[in-house]
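Enquirer: Sharing a structure here in structure tokens format.
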Amino acid sequence: MKYLITGALWALLFCAGAMADLKPDVMDCNPKKAARNAAMDATVGVSGKCDSGKAAKNEKEYAVDDVKVSVDLDLDQKNNHLGGDKDHQRL
């Protein structure tokens, strides 16, 4: 019986890791999860690891990444248009 419980605990441990690999947004902390955890803490007294500070930090990182991507796209479009202007002059 002791081996069965130990094996089940190990299986649960590996399943949680596999679930995080297959669907990484399970582990993400966003404002929706932070609000749900705050409500659970207020009513039940138990909350998860996601709080408003962690959610704000994640959203800030996402915003910085989005700005970097949009700047890169704008620079790429600008460089493409520099070569495309010669074609318009020929027409």
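Please note that chains go A, B, ... in the order of the structure tokens, that every chain numbers its residues from 1, and that ligands are numbered from 1 in the order shown.
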Pick out the residues sitting within 7 Å of stretch 54-65 of chain A, and hand them over as number ranges by chain; count only C-alpha atoms, and ignore anything fewer than 2 positions along from it in its own chain.

Expert: A: 29-31, 34, 50-52, 67-69

Enquirer: Identify, on the basis of only C-alpha atoms, every residue whose closest approach to A:Gly48 does not exceed 9 Å; exclude the query and any residue fewer than 3 positions from it along the same chain; express the result as a list in words.

Expert: Lys33, Ala34, Arg36, Asn37, Ala38, Met40, Asp41 and Asp51 of chain A

Enquirer: Write the residues you've just listed into a file as a tab-separated table (two decimals), in the first residue's frame, and include all heavy atoms for each of them.

Expert:
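Output file part-v2.tsv is given in full below:
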chain	number	residue	atom	x	y	z
A	33	LYS	N	-7.08	35.69	-13.00
A	33	LYS	CA	-6.72	34.71	-11.98
A	33	LYS	C	-6.43	35.38	-10.64
A	33	LYS	O	-6.74	34.84	-9.58
A	33	LYS	CB	-5.54	33.88	-12.43
A	33	LYS	CG	-5.88	32.91	-13.54
A	33	LYS	CD	-4.70	32.06	-13.91
A	33	LYS	CE	-5.05	31.14	-15.06
A	33	LYS	NZ	-3.93	30.32	-15.47
A	34	ALA	N	-5.80	36.57	-10.68
A	34	ALA	CA	-5.52	37.29	-9.44
A	34	ALA	C	-6.81	37.69	-8.74
A	34	ALA	O	-6.93	37.57	-7.51
A	34	ALA	CB	-4.67	38.52	-9.73
A	36	ARG	N	-9.74	36.19	-9.06
A	36	ARG	CA	-10.38	34.96	-8.57
A	36	ARG	C	-9.72	34.49	-7.27
A	36	ARG	O	-10.41	34.11	-6.32
A	36	ARG	CB	-10.29	33.87	-9.63
A	36	ARG	CG	-11.02	32.59	-9.22
A	36	ARG	CD	-10.82	31.47	-10.19
A	36	ARG	NE	-9.44	31.03	-10.07
A	36	ARG	CZ	-8.69	30.61	-11.08
A	36	ARG	NH1	-9.18	30.57	-12.28
A	36	ARG	NH2	-7.45	30.22	-10.89
A	37	ASN	N	-8.39	34.57	-7.21
A	37	ASN	CA	-7.69	34.15	-6.00
A	37	ASN	C	-8.01	35.09	-4.83
A	37	ASN	O	-8.12	34.64	-3.69
A	37	ASN	CB	-6.19	34.10	-6.24
A	37	ASN	CG	-5.78	32.89	-7.03
A	37	ASN	OD1	-6.50	31.89	-7.06
A	37	ASN	ND2	-4.64	32.95	-7.68
A	38	ALA	N	-8.13	36.38	-5.10
A	38	ALA	CA	-8.49	37.32	-4.03
A	38	ALA	C	-9.90	37.04	-3.51
A	38	ALA	O	-10.15	37.09	-2.29
A	38	ALA	CB	-8.39	38.75	-4.54
A	40	MET	N	-11.44	34.12	-3.62
A	40	MET	CA	-11.38	32.86	-2.88
A	40	MET	C	-10.78	33.08	-1.50
A	40	MET	O	-11.23	32.49	-0.52
A	40	MET	CB	-10.55	31.83	-3.65
A	40	MET	CG	-11.29	31.16	-4.77
A	40	MET	SD	-10.34	29.94	-5.70
A	40	MET	CE	-9.38	29.10	-4.49
A	41	ASP	N	-9.76	33.93	-1.40
A	41	ASP	CA	-9.13	34.20	-0.12
A	41	ASP	C	-10.11	34.90	0.82
A	41	ASP	O	-10.13	34.63	2.02
A	41	ASP	CB	-7.89	35.06	-0.33
A	41	ASP	CG	-7.06	35.20	0.93
A	41	ASP	OD1	-7.08	34.27	1.75
A	41	ASP	OD2	-6.39	36.23	1.09
A	51	ASP	N	-1.17	36.68	-7.31
A	51	ASP	CA	-1.73	37.85	-6.64
A	51	ASP	C	-1.62	39.05	-7.58
A	51	ASP	O	-1.11	38.94	-8.69
A	51	ASP	CB	-1.04	38.13	-5.31
A	51	ASP	CG	0.46	38.38	-5.46
A	51	ASP	OD1	0.99	38.24	-6.57
A	51	ASP	OD2	1.09	38.74	-4.44

Enquirer: Suppose you want the space between atom CA of A:Ala42 and atom CA of A:Asp28; what is it in Å?

Expert: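 Atom CA of A:Asp28 lies at a distance of 21.7 Å from atom CA of A:Ala42.
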
Enquirer: Can you tell me how far atom CA of A:Ser47 sits from atom CA of A:Lys32, in Å to one decimal?

Expert: 13.3 Å
